[in-house]
Structure formats: C-alpha cells, structure tokens
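start-v6.cif (mmCIF, C-alpha atoms and all ligand atoms)
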```
data_run
#
loop_
_atom_site.group_PDB
_atom_site.id
_atom_site.type_symbol
_atom_site.label_atom_id
_atom_site.label_comp_id
_atom_site.auth_asym_id
_atom_site.auth_seq_id
_atom_site.Cartn_x
_atom_site.Cartn_y
_atom_site.Cartn_z
ATOM 1 C CA MET A 1 -88.014 67.462 86.438
ATOM 2 C CA PRO A 2 -86.910 65.927 83.117
ATOM 3 C CA ASP A 3 -86.288 62.189 82.671
ATOM 4 C CA VAL A 4 -82.666 61.380 83.488
ATOM 5 C CA THR A 5 -80.919 58.719 81.397
ATOM 6 C CA GLY A 6 -77.354 57.764 80.577
ATOM 7 C CA HIS A 7 -77.441 60.396 77.806
ATOM 8 C CA THR A 8 -78.406 63.310 80.068
ATOM 9 C CA ARG A 9 -75.829 66.092 80.500
ATOM 10 C CA LEU A 10 -75.347 67.323 84.051
ATOM 11 C CA PHE A 11 -75.049 70.922 85.205
ATOM 12 C CA GLY A 12 -74.919 72.437 88.682
ATOM 13 C CA ILE A 13 -75.327 75.522 90.808
ATOM 14 C CA LEU A 14 -72.767 75.904 93.610
ATOM 15 C CA ALA A 15 -73.814 78.017 96.581
ATOM 16 C CA ASP A 16 -73.608 78.232 100.384
ATOM 17 C CA PRO A 17 -76.358 78.346 101.636
ATOM 18 C CA ILE A 18 -78.233 76.515 98.886
ATOM 19 C CA HIS A 19 -81.877 76.197 100.002
ATOM 20 C CA HIS A 20 -83.038 79.453 98.375
ATOM 21 C CA VAL A 21 -81.853 78.738 94.822
ATOM 22 C CA LYS A 22 -84.519 78.957 92.110
ATOM 23 C CA THR A 23 -82.206 78.433 89.142
ATOM 24 C CA PRO A 24 -82.884 74.697 88.567
ATOM 25 C CA GLN A 25 -86.575 75.293 87.776
ATOM 26 C CA VAL A 26 -85.816 78.292 85.546
ATOM 27 C CA MET A 27 -83.020 76.454 83.714
ATOM 28 C CA HIS A 28 -85.211 73.389 83.187
ATOM 29 C CA GLU A 29 -87.766 75.643 81.456
ATOM 30 C CA VAL A 30 -84.971 76.765 79.095
ATOM 31 C CA PHE A 31 -83.893 73.154 78.483
ATOM 32 C CA ALA A 32 -87.507 72.081 77.830
ATOM 33 C CA ARG A 33 -88.088 74.998 75.425
ATOM 34 C CA HIS A 34 -85.057 74.016 73.358
ATOM 35 C CA GLY A 35 -85.424 70.217 73.692
ATOM 36 C CA ILE A 36 -82.156 69.871 75.645
ATOM 37 C CA ASP A 37 -81.522 66.577 77.505
ATOM 38 C CA GLY A 38 -79.963 68.088 80.641
ATOM 39 C CA VAL A 39 -80.491 68.589 84.368
ATOM 40 C CA LEU A 40 -79.144 71.294 86.655
ATOM 41 C CA VAL A 41 -78.875 70.342 90.319
ATOM 42 C CA PRO A 42 -78.109 72.361 93.475
ATOM 43 C CA MET A 43 -74.675 71.589 94.953
ATOM 44 C CA HIS A 44 -74.109 72.781 98.519
ATOM 45 C CA VAL A 45 -70.387 73.546 98.712
ATOM 46 C CA ALA A 46 -68.750 75.570 101.510
ATOM 47 C CA PRO A 47 -65.806 77.862 100.626
ATOM 48 C CA ALA A 48 -63.273 75.481 102.224
ATOM 49 C CA GLY A 49 -64.393 72.683 99.916
ATOM 50 C CA LEU A 50 -64.596 74.675 96.698
ATOM 51 C CA ARG A 51 -61.301 73.569 95.172
ATOM 52 C CA ALA A 52 -61.910 69.874 95.964
ATOM 53 C CA ALA A 53 -65.452 70.061 94.538
ATOM 54 C CA LEU A 54 -64.129 71.684 91.367
ATOM 55 C CA ASP A 55 -61.484 68.984 90.938
ATOM 56 C CA GLY A 56 -64.157 66.301 91.280
ATOM 57 C CA LEU A 57 -66.291 67.989 88.625
ATOM 58 C CA ARG A 58 -63.295 68.150 86.265
ATOM 59 C CA ALA A 59 -63.239 64.340 86.262
ATOM 60 C CA MET A 60 -66.958 63.946 85.462
ATOM 61 C CA ARG A 61 -67.169 63.463 81.720
ATOM 62 C CA ASN A 62 -70.928 64.029 81.410
ATOM 63 C CA PHE A 63 -70.724 67.294 83.373
ATOM 64 C CA GLY A 64 -71.178 70.452 81.254
ATOM 65 C CA GLY A 65 -70.637 73.252 83.746
ATOM 66 C CA PHE A 66 -72.082 75.164 86.659
ATOM 67 C CA ILE A 67 -73.347 78.463 87.952
ATOM 68 C CA ALA A 68 -71.443 79.944 90.898
ATOM 69 C CA THR A 69 -73.278 82.186 93.301
ATOM 70 C CA VAL A 70 -72.872 83.664 96.795
ATOM 71 C CA PRO A 71 -70.222 83.408 98.233
ATOM 72 C CA HIS A 72 -68.175 81.763 95.462
ATOM 73 C CA LYS A 73 -68.058 84.372 92.677
ATOM 74 C CA PRO A 74 -64.739 86.113 93.578
ATOM 75 C CA ALA A 75 -62.928 82.862 94.550
ATOM 76 C CA MET A 76 -63.991 81.167 91.339
ATOM 77 C CA LEU A 77 -61.980 83.660 89.299
ATOM 78 C CA ASP A 78 -58.692 82.193 90.568
ATOM 79 C CA LEU A 79 -59.853 78.573 90.423
ATOM 80 C CA CYS A 80 -60.755 78.641 86.714
ATOM 81 C CA ASP A 81 -58.171 77.604 84.114
ATOM 82 C CA ALA A 82 -59.220 80.473 81.818
ATOM 83 C CA VAL A 83 -61.804 83.249 81.820
ATOM 84 C CA GLU A 84 -63.660 85.031 79.022
ATOM 85 C CA GLY A 85 -64.840 88.620 78.613
ATOM 86 C CA ASP A 86 -64.538 91.113 81.482
ATOM 87 C CA ALA A 87 -64.491 88.541 84.332
ATOM 88 C CA ALA A 88 -60.885 89.293 85.321
ATOM 89 C CA ARG A 89 -61.477 93.065 85.261
ATOM 90 C CA ILE A 90 -64.676 92.664 87.307
ATOM 91 C CA GLY A 91 -62.907 90.303 89.706
ATOM 92 C CA ALA A 92 -65.535 87.552 89.707
ATOM 93 C CA VAL A 93 -66.923 84.569 87.798
ATOM 94 C CA ASN A 94 -70.534 83.377 87.987
ATOM 95 C CA CYS A 95 -70.691 80.732 85.252
ATOM 96 C CA VAL A 96 -68.187 78.001 84.367
ATOM 97 C CA ARG A 97 -68.011 75.683 81.360
ATOM 98 C CA ARG A 98 -66.285 72.307 81.665
ATOM 99 C CA GLU A 99 -64.328 71.581 78.503
ATOM 100 C CA PRO A 100 -64.096 67.926 77.326
ATOM 101 C CA ASP A 101 -60.540 67.738 78.726
ATOM 102 C CA GLY A 102 -61.701 68.904 82.188
ATOM 103 C CA ARG A 103 -60.498 72.510 81.919
ATOM 104 C CA MET A 104 -62.823 75.027 83.556
ATOM 105 C CA VAL A 105 -63.576 78.242 81.631
ATOM 106 C CA GLY A 106 -65.294 81.037 83.586
ATOM 107 C CA ALA A 107 -67.330 84.082 82.635
ATOM 108 C CA MET A 108 -69.126 86.828 84.550
ATOM 109 C CA LEU A 109 -72.610 87.215 83.064
ATOM 110 C CA ASP A 110 -74.427 89.332 85.718
ATOM 111 C CA GLY A 111 -73.842 92.589 83.878
ATOM 112 C CA ILE A 112 -74.404 91.208 80.385
ATOM 113 C CA GLY A 113 -77.749 89.860 81.608
ATOM 114 C CA PHE A 114 -78.668 93.354 82.794
ATOM 115 C CA VAL A 115 -77.758 94.893 79.421
ATOM 116 C CA GLU A 116 -79.558 92.152 77.447
ATOM 117 C CA GLY A 117 -82.619 92.753 79.623
ATOM 118 C CA LEU A 118 -82.539 96.442 78.692
ATOM 119 C CA ARG A 119 -82.099 95.636 75.007
ATOM 120 C CA GLY A 120 -84.951 93.132 75.162
ATOM 121 C CA ALA A 121 -87.181 95.972 76.351
ATOM 122 C CA GLY A 122 -86.037 98.147 73.430
ATOM 123 C CA ILE A 123 -83.622 100.241 75.520
ATOM 124 C CA ASP A 124 -80.147 100.513 73.949
ATOM 125 C CA PRO A 125 -77.362 101.709 76.268
ATOM 126 C CA ALA A 126 -75.182 102.671 73.263
ATOM 127 C CA GLY A 127 -74.504 106.406 73.461
ATOM 128 C CA ALA A 128 -76.423 106.781 76.738
ATOM 129 C CA ARG A 129 -75.331 108.840 79.745
ATOM 130 C CA VAL A 130 -75.785 106.472 82.700
ATOM 131 C CA LEU A 131 -75.999 107.132 86.433
ATOM 132 C CA LEU A 132 -75.255 103.906 88.334
ATOM 133 C CA ALA A 133 -75.823 103.601 92.089
ATOM 134 C CA GLY A 134 -73.472 101.125 93.773
ATOM 135 C CA ALA A 135 -69.879 99.957 93.454
ATOM 136 C CA GLY A 136 -70.030 96.391 94.832
ATOM 137 C CA GLY A 137 -70.012 93.080 92.981
ATOM 138 C CA ALA A 138 -73.252 93.522 91.043
ATOM 139 C CA ALA A 139 -72.480 97.145 90.198
ATOM 140 C CA SER A 140 -68.999 96.264 88.883
ATOM 141 C CA ALA A 141 -70.423 93.673 86.502
ATOM 142 C CA ILE A 142 -73.126 96.075 85.302
ATOM 143 C CA ALA A 143 -70.665 98.969 84.891
ATOM 144 C CA PHE A 144 -68.351 96.947 82.623
ATOM 145 C CA ALA A 145 -71.260 95.561 80.596
ATOM 146 C CA LEU A 146 -72.698 99.065 80.064
ATOM 147 C CA ALA A 147 -69.304 100.333 78.887
ATOM 148 C CA GLU A 148 -68.932 97.299 76.593
ATOM 149 C CA ALA A 149 -72.413 98.082 75.215
ATOM 150 C CA GLY A 150 -71.209 101.562 74.226
ATOM 151 C CA ALA A 151 -72.503 103.825 77.003
ATOM 152 C CA ALA A 152 -71.112 107.308 76.338
ATOM 153 C CA GLY A 153 -70.811 108.230 79.995
ATOM 154 C CA LEU A 154 -70.993 106.451 83.329
ATOM 155 C CA THR A 155 -71.252 108.149 86.707
ATOM 156 C CA VAL A 156 -70.878 105.728 89.604
ATOM 157 C CA VAL A 157 -72.423 106.932 92.872
ATOM 158 C CA ASN A 158 -71.637 105.057 96.069
ATOM 159 C CA ARG A 159 -71.830 105.568 99.827
ATOM 160 C CA THR A 160 -68.137 104.656 100.009
ATOM 161 C CA GLU A 161 -66.699 107.148 97.535
ATOM 162 C CA ALA A 162 -63.319 105.425 97.142
ATOM 163 C CA LYS A 163 -65.027 102.312 95.742
ATOM 164 C CA ALA A 164 -66.952 104.457 93.240
ATOM 165 C CA ALA A 165 -63.745 106.181 92.121
ATOM 166 C CA ASP A 166 -61.905 102.868 91.847
ATOM 167 C CA LEU A 167 -64.660 101.230 89.761
ATOM 168 C CA ALA A 168 -64.909 104.273 87.469
ATOM 169 C CA ALA A 169 -61.131 104.307 86.965
ATOM 170 C CA ARG A 170 -61.091 100.594 86.057
ATOM 171 C CA VAL A 171 -63.947 101.044 83.580
ATOM 172 C CA ALA A 172 -62.304 104.123 82.005
ATOM 173 C CA ALA A 173 -58.993 102.264 81.617
ATOM 174 C CA ALA A 174 -60.695 99.319 79.857
ATOM 175 C CA TYR A 175 -63.130 101.428 77.796
ATOM 176 C CA PRO A 176 -61.580 104.822 76.963
ATOM 177 C CA GLY A 177 -64.695 105.704 74.902
ATOM 178 C CA CYS A 178 -66.811 105.718 78.061
ATOM 179 C CA ALA A 179 -66.362 108.846 80.195
ATOM 180 C CA ALA A 180 -66.499 107.336 83.689
ATOM 181 C CA GLU A 181 -66.369 109.101 87.040
ATOM 182 C CA GLY A 182 -67.084 108.090 90.619
ATOM 183 C CA ARG A 183 -68.553 110.095 93.464
ATOM 184 C CA ALA A 184 -70.469 109.965 96.736
ATOM 185 C CA GLU A 185 -73.199 112.432 95.727
ATOM 186 C CA ALA A 186 -75.464 111.868 92.728
ATOM 187 C CA GLY A 187 -75.469 115.531 91.644
ATOM 188 C CA ASP A 188 -77.645 116.332 88.611
ATOM 189 C CA VAL A 189 -79.889 113.247 88.508
ATOM 190 C CA ALA A 190 -82.002 114.805 85.726
ATOM 191 C CA GLY A 191 -79.051 114.940 83.332
ATOM 192 C CA TYR A 192 -78.886 111.202 82.578
ATOM 193 C CA ASP A 193 -80.647 108.974 80.016
ATOM 194 C CA ILE A 194 -80.519 105.853 82.201
ATOM 195 C CA VAL A 195 -80.509 105.748 86.015
ATOM 196 C CA ALA A 196 -79.799 102.294 87.492
ATOM 197 C CA ASN A 197 -79.675 100.833 91.001
ATOM 198 C CA ALA A 198 -77.091 98.153 91.772
ATOM 199 C CA THR A 199 -76.913 98.743 95.526
ATOM 200 C CA SER A 200 -78.743 96.501 97.968
ATOM 201 C CA LEU A 201 -80.990 99.421 98.979
ATOM 202 C CA GLY A 202 -84.551 98.396 98.155
ATOM 203 C CA LEU A 203 -84.233 94.760 99.201
ATOM 204 C CA ARG A 204 -85.589 95.412 102.695
ATOM 205 C CA PRO A 205 -88.916 97.050 103.545
ATOM 206 C CA GLY A 206 -88.348 100.653 104.587
ATOM 207 C CA ASP A 207 -85.093 101.086 102.646
ATOM 208 C CA PRO A 208 -84.722 104.605 101.220
ATOM 209 C CA PRO A 209 -84.085 105.021 97.465
ATOM 210 C CA PRO A 210 -80.351 104.866 96.649
ATOM 211 C CA LEU A 211 -80.459 108.261 94.890
ATOM 212 C CA PRO A 212 -82.378 111.545 95.220
ATOM 213 C CA VAL A 213 -85.592 111.027 93.238
ATOM 214 C CA ALA A 214 -87.105 114.532 93.072
ATOM 215 C CA GLU A 215 -85.575 115.356 89.678
ATOM 216 C CA LEU A 216 -86.439 112.103 87.855
ATOM 217 C CA HIS A 217 -88.459 112.837 84.713
ATOM 218 C CA ALA A 218 -90.318 111.335 81.731
ATOM 219 C CA GLY A 219 -87.290 111.438 79.430
ATOM 220 C CA GLN A 220 -85.416 108.838 81.489
ATOM 221 C CA VAL A 221 -85.246 105.078 81.945
ATOM 222 C CA VAL A 222 -84.941 104.029 85.598
ATOM 223 C CA ALA A 223 -83.702 100.436 85.952
ATOM 224 C CA GLU A 224 -83.267 98.026 88.887
ATOM 225 C CA ALA A 225 -80.946 95.109 89.543
ATOM 226 C CA ILE A 226 -83.151 94.083 92.494
ATOM 227 C CA MET A 227 -85.763 91.474 91.522
ATOM 228 C CA ASP A 228 -87.610 91.058 94.804
ATOM 229 C CA PRO A 229 -89.534 93.230 95.565
ATOM 230 C CA GLU A 230 -90.641 93.847 91.995
ATOM 231 C CA GLU A 231 -91.226 97.540 92.702
ATOM 232 C CA THR A 232 -88.499 99.116 94.864
ATOM 233 C CA PRO A 233 -88.780 102.632 96.339
ATOM 234 C CA LEU A 234 -86.649 103.883 93.423
ATOM 235 C CA LEU A 235 -88.981 102.370 90.808
ATOM 236 C CA ALA A 236 -92.081 103.629 92.642
ATOM 237 C CA ALA A 237 -90.666 107.162 92.686
ATOM 238 C CA ALA A 238 -89.582 106.917 89.050
ATOM 239 C CA ARG A 239 -93.060 105.811 88.016
ATOM 240 C CA ALA A 240 -94.600 108.704 89.949
ATOM 241 C CA HIS A 241 -92.335 111.124 88.041
ATOM 242 C CA GLY A 242 -93.321 109.653 84.667
ATOM 243 C CA ALA A 243 -89.980 107.948 83.956
ATOM 244 C CA ARG A 244 -89.874 104.643 82.080
ATOM 245 C CA VAL A 245 -89.421 101.900 84.652
ATOM 246 C CA HIS A 246 -87.338 98.765 83.975
ATOM 247 C CA PRO A 247 -87.578 96.106 86.748
ATOM 248 C CA GLY A 248 -84.908 93.606 87.801
ATOM 249 C CA LEU A 249 -86.509 90.395 86.579
ATOM 250 C CA PRO A 250 -85.505 90.602 82.860
ATOM 251 C CA MET A 251 -81.853 90.582 83.981
ATOM 252 C CA LEU A 252 -82.322 87.091 85.462
ATOM 253 C CA ARG A 253 -84.305 85.756 82.502
ATOM 254 C CA CYS A 254 -81.700 86.956 79.981
ATOM 255 C CA GLN A 255 -78.877 85.683 82.104
ATOM 256 C CA ILE A 256 -80.258 82.157 82.288
ATOM 257 C CA GLU A 257 -80.079 81.823 78.475
ATOM 258 C CA LEU A 258 -76.587 83.345 78.455
ATOM 259 C CA MET A 259 -75.505 80.871 81.153
ATOM 260 C CA ALA A 260 -76.965 77.912 79.248
ATOM 261 C CA ARG A 261 -75.006 79.075 76.182
ATOM 262 C CA HIS A 262 -71.766 79.598 78.101
ATOM 263 C CA MET A 263 -72.002 76.070 79.558
ATOM 264 C CA GLY A 264 -72.471 74.668 76.055
ATOM 265 C CA ALA A 265 -75.994 73.401 76.782
ATOM 266 C CA LEU A 266 -77.450 75.241 73.775
ATOM 267 C CA SER A 267 -74.622 74.563 71.319
ATOM 268 C CA ALA A 268 -77.091 73.004 68.857
ATOM 269 C CA VAL A 269 -79.544 75.935 69.166
ATOM 270 C CA PRO A 270 -78.953 79.013 66.929
ATOM 271 C CA ALA A 271 -78.402 82.221 68.956
HETATM 272 P P1 LIG B 1 -73.560 92.848 95.649
HETATM 273 O O1 LIG B 1 -72.748 91.625 95.348
HETATM 274 O O2 LIG B 1 -75.037 92.594 95.770
HETATM 275 O O3 LIG B 1 -73.242 93.972 94.720
HETATM 276 P P2 LIG B 1 -71.906 94.155 97.618
HETATM 277 O O4 LIG B 1 -70.697 93.872 96.798
HETATM 278 O O5 LIG B 1 -71.837 93.956 99.101
HETATM 279 O O6 LIG B 1 -73.155 93.278 97.146
HETATM 280 O O7 LIG B 1 -72.349 95.675 97.311
HETATM 281 C C1 LIG B 1 -73.427 96.296 97.965
HETATM 282 C C2 LIG B 1 -73.596 97.716 97.410
HETATM 283 O O8 LIG B 1 -74.728 98.331 98.036
HETATM 284 C C3 LIG B 1 -72.408 98.624 97.689
HETATM 285 O O9 LIG B 1 -72.321 99.586 96.671
HETATM 286 C C4 LIG B 1 -72.833 99.261 99.029
HETATM 287 O O10 LIG B 1 -72.213 100.487 99.312
HETATM 288 P P3 LIG B 1 -70.757 100.529 100.070
HETATM 289 O O11 LIG B 1 -69.739 100.219 98.992
HETATM 290 O O12 LIG B 1 -70.634 101.916 100.576
HETATM 291 O O13 LIG B 1 -70.801 99.478 101.139
HETATM 292 C C5 LIG B 1 -74.305 99.488 98.762
HETATM 293 N N1 LIG B 1 -75.065 99.608 100.025
HETATM 294 C C6 LIG B 1 -75.408 98.600 100.844
HETATM 295 N N2 LIG B 1 -76.095 99.079 101.903
HETATM 296 C C7 LIG B 1 -76.184 100.432 101.745
HETATM 297 C C8 LIG B 1 -76.768 101.499 102.499
HETATM 298 N N3 LIG B 1 -77.407 101.266 103.646
HETATM 299 N N4 LIG B 1 -76.660 102.758 102.005
HETATM 300 C C9 LIG B 1 -76.010 102.999 100.848
HETATM 301 N N5 LIG B 1 -75.433 102.027 100.096
HETATM 302 C C10 LIG B 1 -75.515 100.761 100.523
#
```

How does the structure come out when it is put into structure tokens?
Amino acid sequence: MPDVTGHTRLFGILADPIHHVKTPQVMHEVFARHGIDGVLVPMHVAPAGLRAALDGLRAMRNFGGFIATVPHKPAMLDLCDAVEGDAARIGAVNCVRREPDGRMVGAMLDGIGFVEGLRGAGIDPAGARVLLAGAGGAASAIAFALAEAGAAGLTVVNRTEAKAADLAARVAAAYPGCAAEGRAEAGDVAGYDIVANATSLGLRPGDPPPLPVAELHAGQVVAEAIMDPEETPLLAAARAHGARVHPGLPMLRCQIELMARHMGALSAVPA
C-alpha cells in the first residue's frame, strides 16, 4: 500500500460483491513501476446505488476514475456522459475517467486487453481467420477488438445461436472488412488461424471444452479468456494436439495498463 498524502490521486473499482477483487494490488504494482502517486480502492456499490455513487464521485476533485465490474458494466454505458471506442456497440463500459469538470468518460477495454495480450506474445490477429466461442459480454468485447485489429474473418459459435448471429451481424456492420458469421456448431475447427474461448465453460472443474477439439493442430493458436484455472480443458486439448496455447492471464495484465492510461493515471508516462 503506497503512502497516501494530500497529493495522492484516488481511483476505485466498483463491484457487487467486492470481496474477491484483486485489481488494487495489481494496479498498485503498475503505479509503483511508473512512480505514480495514486491509490485504487474497492468500492462496494449495489446496482440501486450506482447513480448516486457516480454523482458523488463527480464532485471529488482528486478522483481520477474507476474500473466497473460485475454487475455494473452494461448499466455504466448509460450513466457515462460520453464513451470512447466500441463501448456503445459492445453495450458495456468497464473503465471510466473523471474529467476535471466532473464529466465521466467510459471505455470498454476487456477485448482490447485480450488483443494486446496476443500481440505481446507475438501473435497478430491482423489477417487471421478466427473462431470465437461465446456471444456474451466478454465475447462481444473480444469480437469487436479482433475486428478492430484487422481479423479477416470471425466465426462466432454459441450455444444460443441467435446471440451468435446477432453479435456477428453487429461486428460485420461496424467492420465490413471482417467477414463475420454466427452459428451454433463450430464446423471446420481446423480451418482457423486462431481459436478462442470466451464462454464460461472451463471455469468449473469437469466443464467440457466449448468446441470440438479433435481437429486442433500445430498450425493454430488456441487462446483463452478464462484466467483461473490457468489450463482449461480447451488449452489442455490444444497442447496435446501441438497447437500454440495462449492463456487468459496476459489479457488481465495488458488491460490493467490500458485502464491506468484511460483513467489518466499514466498521462506523464510515454506509451
Ligand atoms: P460473460 O460476461 O462472462 O461473457 P455471459 O454474458 O453470461 O458472461 O456469457 C456467457 C457465455 O458462455 C455465453 O456465450 C453462454 O452461452 P449462451 O449465450 O448460450 O448462454 C456461454 N455458456 C455458459 N454456459 C454454457 C454451457 N454450459 N454450454 C455452452 N455455453 C455456455
């Protein structure tokens, strides 16, 4: 925990429940690395109190911004005064900057963190054919970020086919250069450069992989959005088939820096 003085800038993470959050420690490592005089504290806010909490934060002149997590990401979209990037298209905000005049500017960085994590490992989604499992909140953010990063094709596979079709249609409308389609069955799993899981399958012991794994091969990258466990059934199967495995943790690490930047905490640090 850094020393707190009258010069320290304040940041927060809003969640309900709050006890599980690990972000303060991780963000304080970022602040320490860059010599930033800031603290990020957990703020336990229930949905009914979200608007009132936000209005209070607007009035706090040494407050730089906050991270929004479960269950606040969709509601935060409407409560912000402005949003950047694909947040409106994704339908959620997970990081908010407080401007000096109290205006709140949101962004959705889940998907960008995933893409930066891939890039950090030397994997460039530009031109790639991607098979993405899932069409929920995390998958939507990742789908838009992959299209923004120049993926040539995106096939969304989801248990509820209508959600896959809807997500693919929204991505295709925003990024005509990305051939996007949605379905319930994965089809030719071997025909993709990157295979990614953004469903919740793999979080619980005994979960099956979200996709058929028999055709995975050494020419593919298989990536996870799940961080815990480190090796999901999908990654274990991918490894066994010789594919390059990309775990979920880099997504969080990259996102923390992106969040610090969005909140203005690193404004003095070159990107
Ligand atoms: P998150 O915010 O983590 O993305 P979410 O929006 O609830 O959470 O999305 C969960 C995703 O995991 C969805 O794609 C969901 O599929 P449905 O849209 O059909 O619900 C997928 N998922 C969750 N449990 C699943 C299961 N048992 N089998 C297949 N897909 C599952």

Practice task
Pick out the closest residue to A:Gly202 from this set: A:Pro176, A:Ala162, A:Glu231, A:Leu118. Count all atoms listed in the file.
Solution key: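 Closest to A:Gly202, using all atoms listed in the file: A:Glu231.
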
Collect all residues with atoms no farther than 8 Å from ligand LIG 1 (chain B), counting only C-alpha atoms and all ligand atoms, and output them as a PDB file with C-alpha atoms, keeping the file's coordinate frame.
```pdb
ATOM      1  CA  ALA A 133     -75.823 103.601  92.089  1.00  0.00           C
ATOM      2  CA  GLY A 134     -73.472 101.125  93.773  1.00  0.00           C
ATOM      3  CA  ALA A 135     -69.879  99.957  93.454  1.00  0.00           C
ATOM      4  CA  GLY A 136     -70.030  96.391  94.832  1.00  0.00           C
ATOM      5  CA  GLY A 137     -70.012  93.080  92.981  1.00  0.00           C
ATOM      6  CA  ALA A 138     -73.252  93.522  91.043  1.00  0.00           C
ATOM      7  CA  ALA A 139     -72.480  97.145  90.198  1.00  0.00           C
ATOM      8  CA  SER A 140     -68.999  96.264  88.883  1.00  0.00           C
ATOM      9  CA  ASN A 158     -71.637 105.057  96.069  1.00  0.00           C
ATOM     10  CA  ARG A 159     -71.830 105.568  99.827  1.00  0.00           C
ATOM     11  CA  THR A 160     -68.137 104.656 100.009  1.00  0.00           C
ATOM     12  CA  GLU A 161     -66.699 107.148  97.535  1.00  0.00           C
ATOM     13  CA  LYS A 163     -65.027 102.312  95.742  1.00  0.00           C
ATOM     14  CA  ALA A 164     -66.952 104.457  93.240  1.00  0.00           C
ATOM     15  CA  ALA A 198     -77.091  98.153  91.772  1.00  0.00           C
ATOM     16  CA  THR A 199     -76.913  98.743  95.526  1.00  0.00           C
ATOM     17  CA  SER A 200     -78.743  96.501  97.968  1.00  0.00           C
ATOM     18  CA  LEU A 201     -80.990  99.421  98.979  1.00  0.00           C
ATOM     19  CA  ASP A 207     -85.093 101.086 102.646  1.00  0.00           C
ATOM     20  CA  PRO A 210     -80.351 104.866  96.649  1.00  0.00           C
TER      21      PRO A 210
END
```

List every protein, DNA or RNA residue that has an atom no more than 10 Å from (-68.6, 110.2, 85.4) in the file's coordinate frame, counting only C-alpha atoms, and report them as a JSON list (two decimals) with C-alpha atoms, in the frame of the given file.
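Generated output (result-v1.json):
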```
[["chain", "number", "residue", "atom", "x", "y", "z"],
["A", 129, "ARG", "CA", -75.33, 108.84, 79.74],
["A", 130, "VAL", "CA", -75.78, 106.47, 82.70],
["A", 131, "LEU", "CA", -76.00, 107.13, 86.43],
["A", 132, "LEU", "CA", -75.26, 103.91, 88.33],
["A", 152, "ALA", "CA", -71.11, 107.31, 76.34],
["A", 153, "GLY", "CA", -70.81, 108.23, 80.00],
["A", 154, "LEU", "CA", -70.99, 106.45, 83.33],
["A", 155, "THR", "CA", -71.25, 108.15, 86.71],
["A", 156, "VAL", "CA", -70.88, 105.73, 89.60],
["A", 157, "VAL", "CA", -72.42, 106.93, 92.87],
["A", 164, "ALA", "CA", -66.95, 104.46, 93.24],
["A", 165, "ALA", "CA", -63.74, 106.18, 92.12],
["A", 168, "ALA", "CA", -64.91, 104.27, 87.47],
["A", 169, "ALA", "CA", -61.13, 104.31, 86.96],
["A", 172, "ALA", "CA", -62.30, 104.12, 82.00],
["A", 178, "CYS", "CA", -66.81, 105.72, 78.06],
["A", 179, "ALA", "CA", -66.36, 108.85, 80.19],
["A", 180, "ALA", "CA", -66.50, 107.34, 83.69],
["A", 181, "GLU", "CA", -66.37, 109.10, 87.04],
["A", 182, "GLY", "CA", -67.08, 108.09, 90.62],
["A", 183, "ARG", "CA", -68.55, 110.10, 93.46]]
```

Exercise for the section: Have a look at A:Pro2, A:Val171, A:Ala238, A:Met60 and name the one nearest to A:Gly35; count all atoms listed in the file. Expected result: A:Pro2

Sphere at (-91.2, 100.1, 84.6), radius 12 Å, counting only C-alpha atoms: residues as a CSV table (one decimal) with C-alpha atoms, in the frame of the given file:
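Result file follows (result.csv):
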```
chain,number,residue,atom,x,y,z
A,118,LEU,CA,-82.5,96.4,78.7
A,121,ALA,CA,-87.2,96.0,76.4
A,123,ILE,CA,-83.6,100.2,75.5
A,196,ALA,CA,-79.8,102.3,87.5
A,218,ALA,CA,-90.3,111.3,81.7
A,220,GLN,CA,-85.4,108.8,81.5
A,221,VAL,CA,-85.2,105.1,81.9
A,222,VAL,CA,-84.9,104.0,85.6
A,223,ALA,CA,-83.7,100.4,86.0
A,224,GLU,CA,-83.3,98.0,88.9
A,230,GLU,CA,-90.6,93.8,92.0
A,231,GLU,CA,-91.2,97.5,92.7
A,232,THR,CA,-88.5,99.1,94.9
A,234,LEU,CA,-86.6,103.9,93.4
A,235,LEU,CA,-89.0,102.4,90.8
A,236,ALA,CA,-92.1,103.6,92.6
A,237,ALA,CA,-90.7,107.2,92.7
A,238,ALA,CA,-89.6,106.9,89.0
A,239,ARG,CA,-93.1,105.8,88.0
A,240,ALA,CA,-94.6,108.7,89.9
A,241,HIS,CA,-92.3,111.1,88.0
A,242,GLY,CA,-93.3,109.7,84.7
A,243,ALA,CA,-90.0,107.9,84.0
A,244,ARG,CA,-89.9,104.6,82.1
A,245,VAL,CA,-89.4,101.9,84.7
A,246,HIS,CA,-87.3,98.8,84.0
A,247,PRO,CA,-87.6,96.1,86.7
A,248,GLY,CA,-84.9,93.6,87.8
A,249,LEU,CA,-86.5,90.4,86.6
A,250,PRO,CA,-85.5,90.6,82.9
```

Centre, edges in Å (one decimal): axis-aligned box, stretch 153-171 of chain A, 3 Å padding on all six sides, as lines of an AutoDock Vina configuration file:
```
center_x = -66.8
center_y = 104.4
center_z = 90.0
size_x = 17.3
size_y = 13.6
size_z = 26.0
```

Practice task
List the residues selected by the PyMOL selection byres (((chain A and resi 42) around 12) and not hetatm) in the file shown, writing them as a PyMOL selection string.
Solution key: chain A and resi 10-25+27+39-41+43-45+66-69

Practice task
Would you mind telling me which residue in A:Gly49, A:Gly111, A:Gly102, A:Pro229 lies nearest to A:Asn62 when using only C-alpha atoms?
Solution key: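 Residue with the minimum atom-to-atom distance to A:Asn62: A:Gly102.
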
Exercise for the section: Would you work out the distance separating atom CA of A:Asn94 from atom CA of A:Met108, expressed in Å to one decimal? Expected result: 5.1 Å

Handout entry: Residue contacts of A:His7 (12 Å, all atoms listed in the file) excluding same-chain residues fewer than 4 positions away, as a VMD selection string
Key = chain A and resid 3 36 to 39 61 to 63

Handout entry: Two-atom distance - atom CA of A:Val93, atom CA of A:Leu109 (Å)
Key = 7.9 Å

Problem - atom CA of A:His28 to atom CA of A:Arg204, distance in Å rounded to a single decimal - result: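 Straight-line distance from atom CA of A:His28 to atom CA of A:Arg204 works out to 29.4 Å.
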
Exercise for the section: Counting only C-alpha atoms, figure out which residue out of A:Pro270, A:Pro125, A:Gly187, A:Pro47 gets nearest to A:Ala149. Expected result: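 Residue with the minimum atom-to-atom distance to A:Ala149: A:Pro125.
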
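With only C-alpha atoms as the atoms that count, the residue of A:Leu57, A:Ala186, A:Ala271, A:Ile112 with the shortest distance to A:Leu211 is A:Ala186.
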
Problem - Who sits within 12 Å of stretch 266-268 of chain A, only C-alpha atoms, same chain under 6 positions skipped, as a list in words - result: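 Skipping anything fewer than 6 positions along the chain leaves Arg9, Met27, Val30, Phe31, Ala32, Arg33, His34, Gly35, Ile36, Asp37, Gly38, Gly64, Ile256, Glu257, Leu258, Met259 and Ala260 of chain A.
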
Exercise for the section: Mind checking which residues fall within 12 Å of A:Leu79, counting all atoms listed in the file, ignoring those fewer than 3 positions away in the same chain, and posting them as a ChimeraX atom specification? Expected result: /A:47,50-55,58,68,72-76,82-83,88,92-94,96,103-106
